[in-house]
file entry.cif (mmCIF, C-alpha atoms)
data_start
loop_
_atom_site.label_atom_id
_atom_site.label_comp_id
_atom_site.auth_asym_id
_atom_site.auth_seq_id
_atom_site.Cartn_x
_atom_site.Cartn_y
_atom_site.Cartn_z
CA MET A 1 115.25 96.78 23.25
CA ALA A 2 116.71 98.03 26.56
CA GLN A 3 117.08 95.62 29.47
CA PRO A 4 113.47 94.79 30.49
CA ARG A 5 112.21 95.75 33.95
CA TRP A 6 111.29 92.24 35.13
CA LEU A 7 108.44 91.85 37.61
CA ASP A 8 109.46 92.00 41.28
CA GLU A 9 108.22 89.39 43.74
CA GLU A 10 105.01 91.23 44.68
CA GLU A 11 104.16 91.95 41.05
CA HIS A 12 104.96 88.39 40.02
CA HIS A 13 102.62 87.02 42.69
CA THR A 14 99.85 89.45 41.68
CA TRP A 15 100.25 88.60 38.00
CA ARG A 16 100.12 84.81 38.54
CA SER A 17 97.16 85.15 40.84
CA TYR A 18 95.39 87.44 38.35
CA LEU A 19 95.89 85.00 35.48
CA ALA A 20 94.66 82.00 37.46
CA ALA A 21 91.70 83.74 39.13
CA THR A 22 90.35 85.44 36.00
CA ARG A 23 90.61 82.23 33.97
CA LEU A 24 89.09 79.95 36.63
CA LEU A 25 86.31 82.39 37.53
CA ALA A 26 85.27 82.78 33.89
CA ALA A 27 85.30 78.99 33.42
CA GLN A 28 83.28 78.38 36.60
CA LEU A 29 80.61 80.98 35.77
CA ASP A 30 80.33 79.72 32.22
CA ARG A 31 79.99 76.13 33.44
CA GLU A 32 77.25 77.01 35.94
CA LEU A 33 75.37 79.19 33.46
CA GLN A 34 75.44 76.43 30.85
CA HIS A 35 74.40 73.83 33.43
CA ASP A 36 71.55 75.91 34.88
CA SER A 37 70.29 77.65 31.75
CA GLY A 38 72.04 76.19 28.71
CA ILE A 39 73.49 79.58 27.74
CA PRO A 40 77.22 80.31 27.32
CA GLN A 41 78.43 83.39 29.22
CA SER A 42 79.32 85.22 25.99
CA TYR A 43 75.75 84.86 24.67
CA TYR A 44 74.32 85.89 28.02
CA GLU A 45 76.32 89.13 27.87
CA ILE A 46 74.85 89.97 24.46
CA LEU A 47 71.30 89.44 25.75
CA VAL A 48 72.06 91.67 28.76
CA ARG A 49 73.41 94.45 26.55
CA LEU A 50 70.35 94.40 24.29
CA SER A 51 67.94 94.25 27.24
CA GLU A 52 69.41 97.49 28.65
CA THR A 53 68.87 99.65 25.55
CA PRO A 54 65.74 101.57 24.54
CA GLY A 55 63.75 99.37 22.17
CA ARG A 56 66.06 96.48 23.11
CA ARG A 57 68.03 97.05 19.93
CA LEU A 58 71.59 97.96 19.06
CA ARG A 59 73.49 98.49 15.86
CA MET A 60 75.79 95.47 15.38
CA SER A 61 78.89 97.68 15.50
CA ASP A 62 77.77 99.28 18.79
CA LEU A 63 76.97 95.85 20.20
CA ALA A 64 80.50 94.69 19.34
CA ASP A 65 81.97 97.72 21.14
CA ALA A 66 79.63 97.31 24.13
CA SER A 67 80.45 93.64 24.57
CA ASP A 68 84.20 94.15 23.95
CA SER A 69 83.95 91.47 21.29
CA SER A 70 85.51 91.23 17.86
CA ARG A 71 83.10 91.73 14.93
CA SER A 72 83.54 88.20 13.63
CA ARG A 73 83.03 86.55 17.02
CA LEU A 74 79.95 88.70 17.58
CA SER A 75 78.47 87.83 14.16
CA HIS A 76 78.86 84.16 14.95
CA ALA A 77 77.19 84.51 18.37
CA VAL A 78 74.32 86.60 17.00
CA ALA A 79 73.71 84.02 14.26
CA ARG A 80 73.27 81.39 16.99
CA LEU A 81 70.95 83.66 18.98
CA VAL A 82 68.89 84.29 15.83
CA ALA A 83 68.64 80.52 15.28
CA ASN A 84 67.37 80.23 18.89
CA GLY A 85 64.68 82.83 18.18
CA TRP A 86 66.14 85.12 20.87
CA VAL A 87 67.43 87.84 18.58
CA GLU A 88 66.29 89.22 15.22
CA ARG A 89 68.38 91.08 12.69
CA GLU A 90 66.87 94.23 11.21
CA SER A 91 68.37 96.25 8.42
CA CYS A 92 67.36 99.77 7.63
CA PRO A 93 67.56 100.71 3.94
CA THR A 94 68.00 104.44 4.66
CA ASP A 95 70.81 103.92 7.17
CA ARG A 96 74.02 102.67 5.62
CA ARG A 97 75.74 102.27 9.01
CA GLY A 98 74.64 98.65 9.16
CA ALA A 99 72.15 96.21 10.61
CA PHE A 100 70.56 96.18 14.05
CA ALA A 101 70.23 93.27 16.46
CA VAL A 102 66.90 93.25 18.31
CA LEU A 103 66.07 91.21 21.41
CA THR A 104 62.83 89.23 20.91
CA ASP A 105 60.27 88.54 23.66
CA ALA A 106 61.52 84.95 23.73
CA GLY A 107 65.07 86.25 24.20
CA PHE A 108 63.99 88.52 27.02
CA GLU A 109 62.25 85.59 28.69
CA ALA A 110 65.32 83.36 28.33
CA LEU A 111 67.41 86.10 29.93
CA SER A 112 64.91 86.63 32.76
CA ASN A 113 64.89 82.89 33.47
CA ALA A 114 68.69 82.64 33.48
CA ALA A 115 69.41 85.79 35.52
CA PRO A 116 68.59 84.67 39.10
CA SER A 117 70.91 81.67 39.16
CA HIS A 118 73.63 83.54 37.27
CA VAL A 119 73.57 86.39 39.81
CA ALA A 120 73.76 83.77 42.57
CA SER A 121 76.87 82.31 40.88
CA VAL A 122 78.53 85.72 40.57
CA ARG A 123 77.79 86.37 44.26
CA ALA A 124 79.02 82.98 45.43
CA HIS A 125 82.31 83.05 43.53
CA LEU A 126 83.13 86.76 43.53
CA PHE A 127 81.26 89.12 45.87
CA ASP A 128 80.81 86.75 48.81
CA ARG A 129 84.61 86.28 48.79
CA LEU A 130 85.40 89.98 49.11
CA THR A 131 84.98 92.60 51.83
CA PRO A 132 82.99 95.74 50.90
CA GLU A 133 86.33 97.60 50.73
CA GLN A 134 87.70 95.03 48.28
CA VAL A 135 84.63 95.44 46.06
CA VAL A 136 85.39 99.17 45.82
CA GLN A 137 89.12 98.52 45.30
CA LEU A 138 88.44 96.01 42.53
CA GLY A 139 86.19 98.52 40.77
CA GLN A 140 88.84 101.25 40.97
CA ILE A 141 91.61 98.92 39.79
CA ASN A 142 89.63 97.78 36.76
CA ASP A 143 88.61 101.36 35.96
CA ALA A 144 92.30 102.31 35.93
CA ILE A 145 93.18 99.39 33.65
CA LEU A 146 90.30 100.24 31.30
CA ALA A 147 91.25 103.93 31.13
CA GLY A 148 94.78 102.92 30.14
CA LEU A 149 93.62 100.49 27.47
CA ARG A 150 91.27 103.07 25.97
CA GLU A 151 94.06 105.66 25.90
CA ALA A 152 96.33 103.16 24.13
CA SER A 153 93.66 102.31 21.58
CA ALA A 154 92.85 106.00 20.95
CA GLU A 155 96.56 106.62 20.25
CA ILE A 156 96.62 103.79 17.72
CA ASP A 157 93.48 105.17 16.05
CA GLN A 158 95.12 108.61 15.78
CA GLU A 159 98.27 107.13 14.29
CA CYS A 160 96.28 105.18 11.71
CA THR A 161 94.23 108.26 10.81
CA ALA A 162 97.40 110.33 10.42
CA ARG A 163 98.99 107.71 8.18
CA GLU A 164 95.76 107.43 6.19
CA GLN A 165 95.71 111.23 5.69
CA GLU A 166 99.33 111.21 4.55
CA ARG A 167 98.57 108.50 2.03
CA THR A 168 95.45 110.18 0.65
CA ALA A 169 96.71 113.78 0.77
CA PRO A 170 96.48 115.51 -2.62
CA PRO A 171 99.85 115.56 -4.41
CA GLN A 172 101.89 118.72 -3.78
CA VAL A 173 101.74 121.01 -6.79
CA ALA A 174 104.42 123.60 -6.13
CA MET B 1 64.71 79.45 43.85
CA ALA B 2 64.21 82.22 46.44
CA GLN B 3 64.15 85.85 45.32
CA PRO B 4 67.71 86.52 44.08
CA ARG B 5 69.87 89.11 45.82
CA TRP B 6 70.48 91.33 42.80
CA LEU B 7 73.73 93.30 42.62
CA ASP B 8 73.63 96.76 44.25
CA GLU B 9 74.98 99.79 42.39
CA GLU B 10 78.56 99.44 43.65
CA GLU B 11 78.65 95.72 42.88
CA HIS B 12 77.08 96.26 39.46
CA HIS B 13 79.73 98.83 38.59
CA THR B 14 82.53 96.57 39.84
CA TRP B 15 81.17 93.59 37.90
CA ARG B 16 80.81 95.48 34.60
CA SER B 17 84.25 97.00 35.00
CA TYR B 18 85.72 93.58 35.84
CA LEU B 19 84.20 91.95 32.76
CA ALA B 20 85.37 94.70 30.41
CA ALA B 21 88.88 95.08 31.88
CA THR B 22 89.71 91.37 32.05
CA ARG B 23 88.49 90.78 28.50
CA LEU B 24 90.19 93.82 26.96
CA LEU B 25 93.47 93.29 28.84
CA ALA B 26 93.67 89.65 27.74
CA ALA B 27 92.94 90.64 24.13
CA GLN B 28 95.51 93.46 24.17
CA LEU B 29 98.29 91.31 25.66
CA ASP B 30 97.54 88.49 23.24
CA ARG B 31 97.59 90.92 20.29
CA GLU B 32 100.93 92.42 21.32
CA LEU B 33 102.50 89.03 22.03
CA GLN B 34 101.40 87.70 18.65
CA HIS B 35 102.57 90.89 16.91
CA ASP B 36 105.98 90.98 18.62
CA SER B 37 106.75 87.26 18.87
CA GLY B 38 104.12 85.32 16.91
CA ILE B 39 103.05 83.38 20.03
CA PRO B 40 99.50 83.32 21.41
CA GLN B 41 99.25 84.07 25.15
CA SER B 42 97.96 80.57 25.94
CA TYR B 43 101.03 78.95 24.35
CA TYR B 44 103.33 81.40 26.08
CA GLU B 45 101.90 80.35 29.46
CA ILE B 46 102.66 76.69 28.72
CA LEU B 47 106.27 77.52 27.84
CA VAL B 48 106.59 79.54 31.07
CA ARG B 49 105.25 76.68 33.18
CA LEU B 50 107.64 74.17 31.65
CA SER B 51 110.61 76.54 31.94
CA GLU B 52 110.05 76.84 35.71
CA THR B 53 110.21 73.12 36.54
CA PRO B 54 113.30 70.99 37.21
CA GLY B 55 114.28 69.32 33.95
CA ARG B 56 111.84 71.66 32.17
CA ARG B 57 109.31 68.84 32.08
CA LEU B 58 105.82 68.26 33.43
CA ARG B 59 103.33 65.42 33.28
CA MET B 60 100.54 66.49 30.90
CA SER B 61 97.94 66.26 33.68
CA ASP B 62 100.05 68.48 35.99
CA LEU B 63 100.59 70.92 33.15
CA ALA B 64 96.81 71.12 32.62
CA ASP B 65 96.31 71.87 36.34
CA ALA B 66 99.16 74.38 36.43
CA SER B 67 97.89 76.29 33.42
CA ASP B 68 94.22 76.12 34.53
CA SER B 69 93.45 74.65 31.14
CA SER B 70 91.11 71.85 30.13
CA ARG B 71 92.85 68.62 29.05
CA SER B 72 91.55 68.81 25.49
CA ARG B 73 92.55 72.45 25.00
CA LEU B 74 95.98 71.67 26.43
CA SER B 75 96.49 68.64 24.13
CA HIS B 76 95.71 70.82 21.15
CA ALA B 77 98.13 73.54 22.26
CA VAL B 78 100.92 71.05 23.03
CA ALA B 79 100.46 69.44 19.60
CA ARG B 80 101.08 72.86 18.02
CA LEU B 81 104.12 73.46 20.23
CA VAL B 82 105.49 70.02 19.26
CA ALA B 83 104.98 70.89 15.58
CA ASN B 84 107.00 74.10 16.21
CA GLY B 85 109.82 72.06 17.73
CA TRP B 86 109.43 73.89 21.06
CA VAL B 87 108.09 70.96 23.09
CA GLU B 88 108.65 67.21 22.95
CA ARG B 89 106.36 64.52 24.26
CA GLU B 90 107.95 61.76 26.31
CA SER B 91 106.19 58.67 27.54
CA CYS B 92 107.55 56.44 30.27
CA PRO B 93 106.63 52.75 29.88
CA THR B 94 106.94 52.06 33.65
CA ASP B 95 104.74 55.00 34.67
CA ARG B 96 101.13 54.62 33.74
CA ARG B 97 100.22 58.09 34.93
CA GLY B 98 100.72 59.47 31.45
CA ALA B 99 103.07 61.28 29.13
CA PHE B 100 105.38 64.19 29.89
CA ALA B 101 105.79 67.43 27.98
CA VAL B 102 109.40 68.60 27.81
CA LEU B 103 110.60 72.06 26.79
CA THR B 104 113.26 71.85 24.06
CA ASP B 105 116.23 74.22 23.76
CA ALA B 106 114.47 75.84 20.78
CA GLY B 107 111.38 76.32 22.97
CA PHE B 108 113.44 77.88 25.73
CA GLU B 109 115.03 80.23 23.23
CA ALA B 110 111.64 81.21 21.78
CA LEU B 111 110.43 81.98 25.30
CA SER B 112 113.56 83.97 26.15
CA ASN B 113 113.15 86.01 22.99
CA ALA B 114 109.48 86.72 23.64
CA ALA B 115 109.74 87.51 27.36
CA PRO B 116 111.20 91.06 27.35
CA SER B 117 108.51 92.62 25.17
CA HIS B 118 105.76 90.61 26.88
CA VAL B 119 106.83 91.85 30.30
CA ALA B 120 106.90 95.39 28.90
CA SER B 121 103.28 94.89 27.71
CA VAL B 122 102.16 93.57 31.11
CA ARG B 123 103.81 96.58 32.78
CA ALA B 124 102.37 99.12 30.35
CA HIS B 125 98.79 97.88 30.54
CA LEU B 126 98.59 96.61 34.12
CA PHE B 127 101.30 97.55 36.63
CA ASP B 128 102.03 101.07 35.34
CA ARG B 129 98.31 101.82 35.78
CA LEU B 130 98.23 100.84 39.46
CA THR B 131 99.68 102.28 42.67
CA PRO B 132 101.88 99.93 44.77
CA GLU B 133 98.92 99.60 47.19
CA GLN B 134 96.63 98.55 44.35
CA VAL B 135 99.13 95.89 43.24
CA VAL B 136 98.94 94.40 46.76
CA GLN B 137 95.12 94.76 46.83
CA LEU B 138 94.74 93.07 43.45
CA GLY B 139 96.88 90.16 44.62
CA GLN B 140 94.81 89.73 47.81
CA ILE B 141 91.52 89.97 45.92
CA ASN B 142 92.54 87.32 43.40
CA ASP B 143 93.90 85.07 46.17
CA ALA B 144 90.49 85.27 47.89
CA ILE B 145 88.65 84.44 44.65
CA LEU B 146 91.01 81.53 43.97
CA ALA B 147 90.65 80.12 47.49
CA GLY B 148 86.86 80.16 47.07
CA LEU B 149 86.96 78.46 43.69
CA ARG B 150 89.30 75.77 45.00
CA GLU B 151 87.01 75.16 47.98
CA ALA B 152 84.03 74.84 45.64
CA SER B 153 85.86 72.41 43.39
CA ALA B 154 87.06 70.32 46.38
CA GLU B 155 83.44 70.05 47.58
CA ILE B 156 82.32 68.81 44.17
CA ASP B 157 85.17 66.25 44.15
CA GLN B 158 84.08 64.99 47.59
CA GLU B 159 80.47 64.70 46.48
CA CYS B 160 81.45 62.73 43.39
CA THR B 161 83.68 60.43 45.45
CA ALA B 162 80.85 59.83 47.97
CA ARG B 163 78.41 59.01 45.19
CA GLU B 164 80.97 56.76 43.54
CA GLN B 165 81.50 54.90 46.84
CA GLU B 166 77.74 54.49 47.31
CA ARG B 167 77.42 53.06 43.83
CA THR B 168 80.33 50.65 44.22
CA ALA B 169 79.70 49.61 47.85
CA PRO B 170 79.36 45.82 48.31
CA PRO B 171 75.69 44.74 48.53
CA GLN B 172 74.34 44.49 52.10
CA VAL B 173 74.16 40.84 53.17
CA ALA B 174 72.13 40.87 56.42
#
call {"tool": "encode", "arguments": {"input": "entry.cif", "output": "structure tokens"}}
result
Amino acid sequence: MAQPRWLDEEEHHTWRSYLAATRLLAAQLDRELQHDSGIPQSYYEILVRLSETPGRRLRMSDLADASDSSRSRLSHAVARLVANGWVERESCPTDRRGAFAVLTDAGFEALSNAAPSHVASVRAHLFDRLTPEQVVQLGQINDAILAGLREASAEIDQECTAREQERTAPPQVA
Amino acid sequence: MAQPRWLDEEEHHTWRSYLAATRLLAAQLDRELQHDSGIPQSYYEILVRLSETPGRRLRMSDLADASDSSRSRLSHAVARLVANGWVERESCPTDRRGAFAVLTDAGFEALSNAAPSHVASVRAHLFDRLTPEQVVQLGQINDAILAGLREASAEIDQECTAREQERTAPPQVA
């Protein structure tokens, strides 16, 4: 590997500050959500995602993509939500693309009860700290990061598909 | 609770984008670090912290603060780093404020080997996506969030101390 381009002073400061702020903010919001409503942030996000879809249902694979969660972590969380009576699993025998997760009325109520104090937490620790310009800047910065990550992951997908095609190509018969 | 101030459209967009970008970036960097060097991001951060101190040593409690980690999560991580031979624990019989974690030469070498490709990952997925102005903006935004969180946690500490003093105050003898 060539000599790395180490971070300069400005970048180093930004990177340290990013690491500390993202970690502490996530921990603080999770703590307040659990204290106020007894729901971990990761479960809350799943309920939000389901509540926003028509029929309050999503295929498990789409839910994993939407919540940027790994399949195994999502399965575990959904199992807990099912045990709570907040989510039901539904499988469709004519659709082989997998099971659905469906938000129950009890789940919708739990979400509705938790939302006001969670929004207040997000305001207190994020939006109330920023100017309106910084809110716009933060949105644009995260959009740029996301676009880059999606490009990178699309490239990996293409590479894997290409390799897969090579492997499964019919043998050359000259 | 009074009617919550729900997020407006701009804030909602920024919040969704923040959640997705922070989660995906952390996952991507962790994946690349593990792939290239076999070290999870959380362990890497501990090695960095230790490498930056005089004598490459920190009291466990200071290390927990510096890495924004809970004590129990840190203990677990340090135990794994000790098992790897990268960190040693040292206790000082005349200092009751707890044990030290010390970076070993093998730990410093592991960090030095991992750093170039990790910095390249951070550049590729974060800094190369941003303009120089956005790097400054992102630093200022995270500084503002951090200052708020530290204020909030200082207030809680004060409250706890006040309550503790009330509880332990000598009984009034009129």
call {"tool": "calpha_fit_and_write", "arguments": {"input": "entry.cif", "fixed": "chain A", "moving": "chain B", "output": "compact mmCIF listing (two decimals) with C-alpha atoms, in the frame of the given file"}}
result
# COMPACT_ATOMS: atom_id res chain seq x y z
CA MET B 1 115.18 96.73 23.22
CA ALA B 2 116.70 97.98 26.50
CA GLN B 3 117.07 95.59 29.43
CA PRO B 4 113.48 94.77 30.45
CA ARG B 5 112.22 95.73 33.90
CA TRP B 6 111.29 92.24 35.06
CA LEU B 7 108.44 91.85 37.56
CA ASP B 8 109.47 92.03 41.24
CA GLU B 9 108.23 89.41 43.70
CA GLU B 10 105.03 91.26 44.63
CA GLU B 11 104.17 91.96 41.00
CA HIS B 12 104.97 88.39 39.98
CA HIS B 13 102.63 87.05 42.66
CA THR B 14 99.88 89.48 41.66
CA TRP B 15 100.26 88.61 37.97
CA ARG B 16 100.14 84.83 38.51
CA SER B 17 97.17 85.17 40.84
CA TYR B 18 95.41 87.45 38.33
CA LEU B 19 95.90 85.01 35.46
CA ALA B 20 94.67 82.01 37.46
CA ALA B 21 91.70 83.77 39.12
CA THR B 22 90.35 85.45 35.98
CA ARG B 23 90.61 82.23 33.97
CA LEU B 24 89.10 79.95 36.63
CA LEU B 25 86.31 82.39 37.53
CA ALA B 26 85.28 82.78 33.89
CA ALA B 27 85.30 79.00 33.42
CA GLN B 28 83.29 78.38 36.60
CA LEU B 29 80.63 80.99 35.78
CA ASP B 30 80.34 79.72 32.22
CA ARG B 31 79.99 76.12 33.47
CA GLU B 32 77.27 77.03 35.96
CA LEU B 33 75.38 79.19 33.47
CA GLN B 34 75.44 76.43 30.87
CA HIS B 35 74.43 73.83 33.47
CA ASP B 36 71.57 75.90 34.92
CA SER B 37 70.29 77.64 31.78
CA GLY B 38 72.05 76.16 28.74
CA ILE B 39 73.49 79.57 27.76
CA PRO B 40 77.21 80.29 27.35
CA GLN B 41 78.43 83.39 29.22
CA SER B 42 79.30 85.21 25.99
CA TYR B 43 75.72 84.85 24.69
CA TYR B 44 74.31 85.88 28.04
CA GLU B 45 76.30 89.14 27.88
CA ILE B 46 74.81 89.95 24.47
CA LEU B 47 71.28 89.41 25.77
CA VAL B 48 72.04 91.65 28.77
CA ARG B 49 73.36 94.44 26.55
CA LEU B 50 70.31 94.36 24.30
CA SER B 51 67.91 94.21 27.25
CA GLU B 52 69.36 97.45 28.66
CA THR B 53 68.81 99.63 25.57
CA PRO B 54 65.66 101.53 24.57
CA GLY B 55 63.70 99.33 22.18
CA ARG B 56 66.00 96.44 23.16
CA ARG B 57 67.96 97.01 19.96
CA LEU B 58 71.53 97.91 19.07
CA ARG B 59 73.43 98.44 15.85
CA MET B 60 75.72 95.43 15.38
CA SER B 61 78.83 97.64 15.50
CA ASP B 62 77.69 99.25 18.79
CA LEU B 63 76.90 95.83 20.19
CA ALA B 64 80.44 94.67 19.32
CA ASP B 65 81.90 97.71 21.13
CA ALA B 66 79.59 97.31 24.12
CA SER B 67 80.41 93.64 24.56
CA ASP B 68 84.17 94.14 23.92
CA SER B 69 83.89 91.47 21.27
CA SER B 70 85.45 91.22 17.83
CA ARG B 71 83.02 91.72 14.92
CA SER B 72 83.47 88.19 13.61
CA ARG B 73 82.98 86.54 17.00
CA LEU B 74 79.89 88.68 17.56
CA SER B 75 78.39 87.79 14.15
CA HIS B 76 78.79 84.13 14.96
CA ALA B 77 77.16 84.51 18.38
CA VAL B 78 74.26 86.59 17.01
CA ALA B 79 73.65 83.98 14.29
CA ARG B 80 73.24 81.36 17.03
CA LEU B 81 70.93 83.63 19.02
CA VAL B 82 68.84 84.25 15.87
CA ALA B 83 68.62 80.48 15.32
CA ASN B 84 67.34 80.18 18.93
CA GLY B 85 64.66 82.78 18.23
CA TRP B 86 66.09 85.07 20.92
CA VAL B 87 67.38 87.81 18.61
CA GLU B 88 66.22 89.18 15.27
CA ARG B 89 68.29 91.02 12.72
CA GLU B 90 66.80 94.18 11.25
CA SER B 91 68.28 96.18 8.43
CA CYS B 92 67.25 99.72 7.62
CA PRO B 93 67.45 100.60 3.91
CA THR B 94 67.92 104.35 4.61
CA ASP B 95 70.74 103.84 7.12
CA ARG B 96 73.92 102.56 5.63
CA ARG B 97 75.63 102.20 8.98
CA GLY B 98 74.56 98.59 9.20
CA ALA B 99 72.06 96.16 10.62
CA PHE B 100 70.48 96.13 14.07
CA ALA B 101 70.16 93.24 16.49
CA VAL B 102 66.84 93.22 18.34
CA LEU B 103 66.01 91.18 21.44
CA THR B 104 62.79 89.18 20.95
CA ASP B 105 60.25 88.49 23.71
CA ALA B 106 61.50 84.88 23.78
CA GLY B 107 65.05 86.22 24.23
CA PHE B 108 63.96 88.48 27.06
CA GLU B 109 62.23 85.57 28.74
CA ALA B 110 65.31 83.34 28.36
CA LEU B 111 67.41 86.08 29.96
CA SER B 112 64.92 86.60 32.79
CA ASN B 113 64.90 82.89 33.50
CA ALA B 114 68.69 82.63 33.52
CA ALA B 115 69.43 85.78 35.54
CA PRO B 116 68.59 84.67 39.12
CA SER B 117 70.92 81.67 39.19
CA HIS B 118 73.63 83.55 37.29
CA VAL B 119 73.59 86.38 39.81
CA ALA B 120 73.77 83.78 42.59
CA SER B 121 76.89 82.31 40.90
CA VAL B 122 78.54 85.74 40.57
CA ARG B 123 77.82 86.40 44.26
CA ALA B 124 79.05 83.00 45.43
CA HIS B 125 82.33 83.07 43.53
CA LEU B 126 83.15 86.78 43.52
CA PHE B 127 81.28 89.15 45.85
CA ASP B 128 80.84 86.77 48.80
CA ARG B 129 84.63 86.30 48.77
CA LEU B 130 85.40 90.02 49.08
CA THR B 131 84.98 92.64 51.81
CA PRO B 132 82.99 95.79 50.87
CA GLU B 133 86.33 97.66 50.69
CA GLN B 134 87.71 95.09 48.25
CA VAL B 135 84.63 95.47 46.03
CA VAL B 136 85.39 99.21 45.80
CA GLN B 137 89.13 98.54 45.27
CA LEU B 138 88.44 96.02 42.51
CA GLY B 139 86.19 98.52 40.74
CA GLN B 140 88.85 101.27 40.93
CA ILE B 141 91.61 98.93 39.75
CA ASN B 142 89.62 97.78 36.73
CA ASP B 143 88.60 101.37 35.91
CA ALA B 144 92.30 102.33 35.88
CA ILE B 145 93.18 99.39 33.61
CA LEU B 146 90.30 100.23 31.27
CA ALA B 147 91.23 103.91 31.08
CA GLY B 148 94.78 102.92 30.09
CA LEU B 149 93.63 100.48 27.43
CA ARG B 150 91.26 103.05 25.96
CA GLU B 151 94.05 105.64 25.86
CA ALA B 152 96.31 103.15 24.10
CA SER B 153 93.65 102.30 21.55
CA ALA B 154 92.86 106.00 20.92
CA GLU B 155 96.57 106.63 20.23
CA ILE B 156 96.65 103.80 17.70
CA ASP B 157 93.51 105.19 16.02
CA GLN B 158 95.15 108.63 15.76
CA GLU B 159 98.31 107.15 14.29
CA CYS B 160 96.34 105.22 11.68
CA THR B 161 94.31 108.32 10.79
CA ALA B 162 97.51 110.40 10.43
CA ARG B 163 99.08 107.78 8.18
CA GLU B 164 95.88 107.52 6.17
CA GLN B 165 95.84 111.31 5.70
CA GLU B 166 99.49 111.30 4.61
CA ARG B 167 98.76 108.61 2.06
CA THR B 168 95.68 110.33 0.67
CA ALA B 169 96.96 113.93 0.78
CA PRO B 170 96.79 115.72 -2.60
CA PRO B 171 100.19 115.74 -4.37
CA GLN B 172 102.27 118.88 -3.72
CA VAL B 173 102.11 121.20 -6.74
CA ALA B 174 104.81 123.84 -6.10
call {"tool": "atom_distance", "arguments": {"input": "entry.cif", "atom1": "atom CA of A:Tyr44", "atom2": "atom CA of B:Ser72"}}
result
24.4 Å
call {"tool": "resolve_selection", "arguments": {"input": "entry.cif", "expression": "the PyMOL selection byres ((chain A) within 7 of (chain B))", "output": "PyMOL selection string"}}
result
chain A and resi 4+6+11+13-14+17-18+20-21+24+68+116+119-120+125-126+129-130+134-135+138-139+141-146+148-149
call {"tool": "atom_distance", "arguments": {"input": "entry.cif", "atom1": "atom CA of B:Asp36", "atom2": "atom CA of B:Ala114"}}
result
7.5 Å
call {"tool": "resolve_selection", "arguments": {"input": "entry.cif", "expression": "the PyMOL selection byres ((chain A and resi 57) around 7)", "output": "PyMOL selection string"}}
result
chain A and resi 50+53-56+58-59+100-103
call {"tool": "atom_distance", "arguments": {"input": "entry.cif", "atom1": "atom CA of B:Ser51", "atom2": "atom CA of B:Thr94"}}
result
24.8 Å
call {"tool": "closest_residue", "arguments": {"input": "entry.cif", "among": "B:Asn113, B:Glu52, B:Trp86, B:Ser121", "to": "B:Leu29", "atoms": "only C-alpha atoms"}}
result
B:Ser121
call {"tool": "resolve_selection", "arguments": {"input": "entry.cif", "expression": "the PyMOL selection byres ((chain B and resi 87) around 12)", "output": "PyMOL selection string"}}
result
chain B and resi 43-44+46-51+56-58+60+75+77-86+88-90+100-111
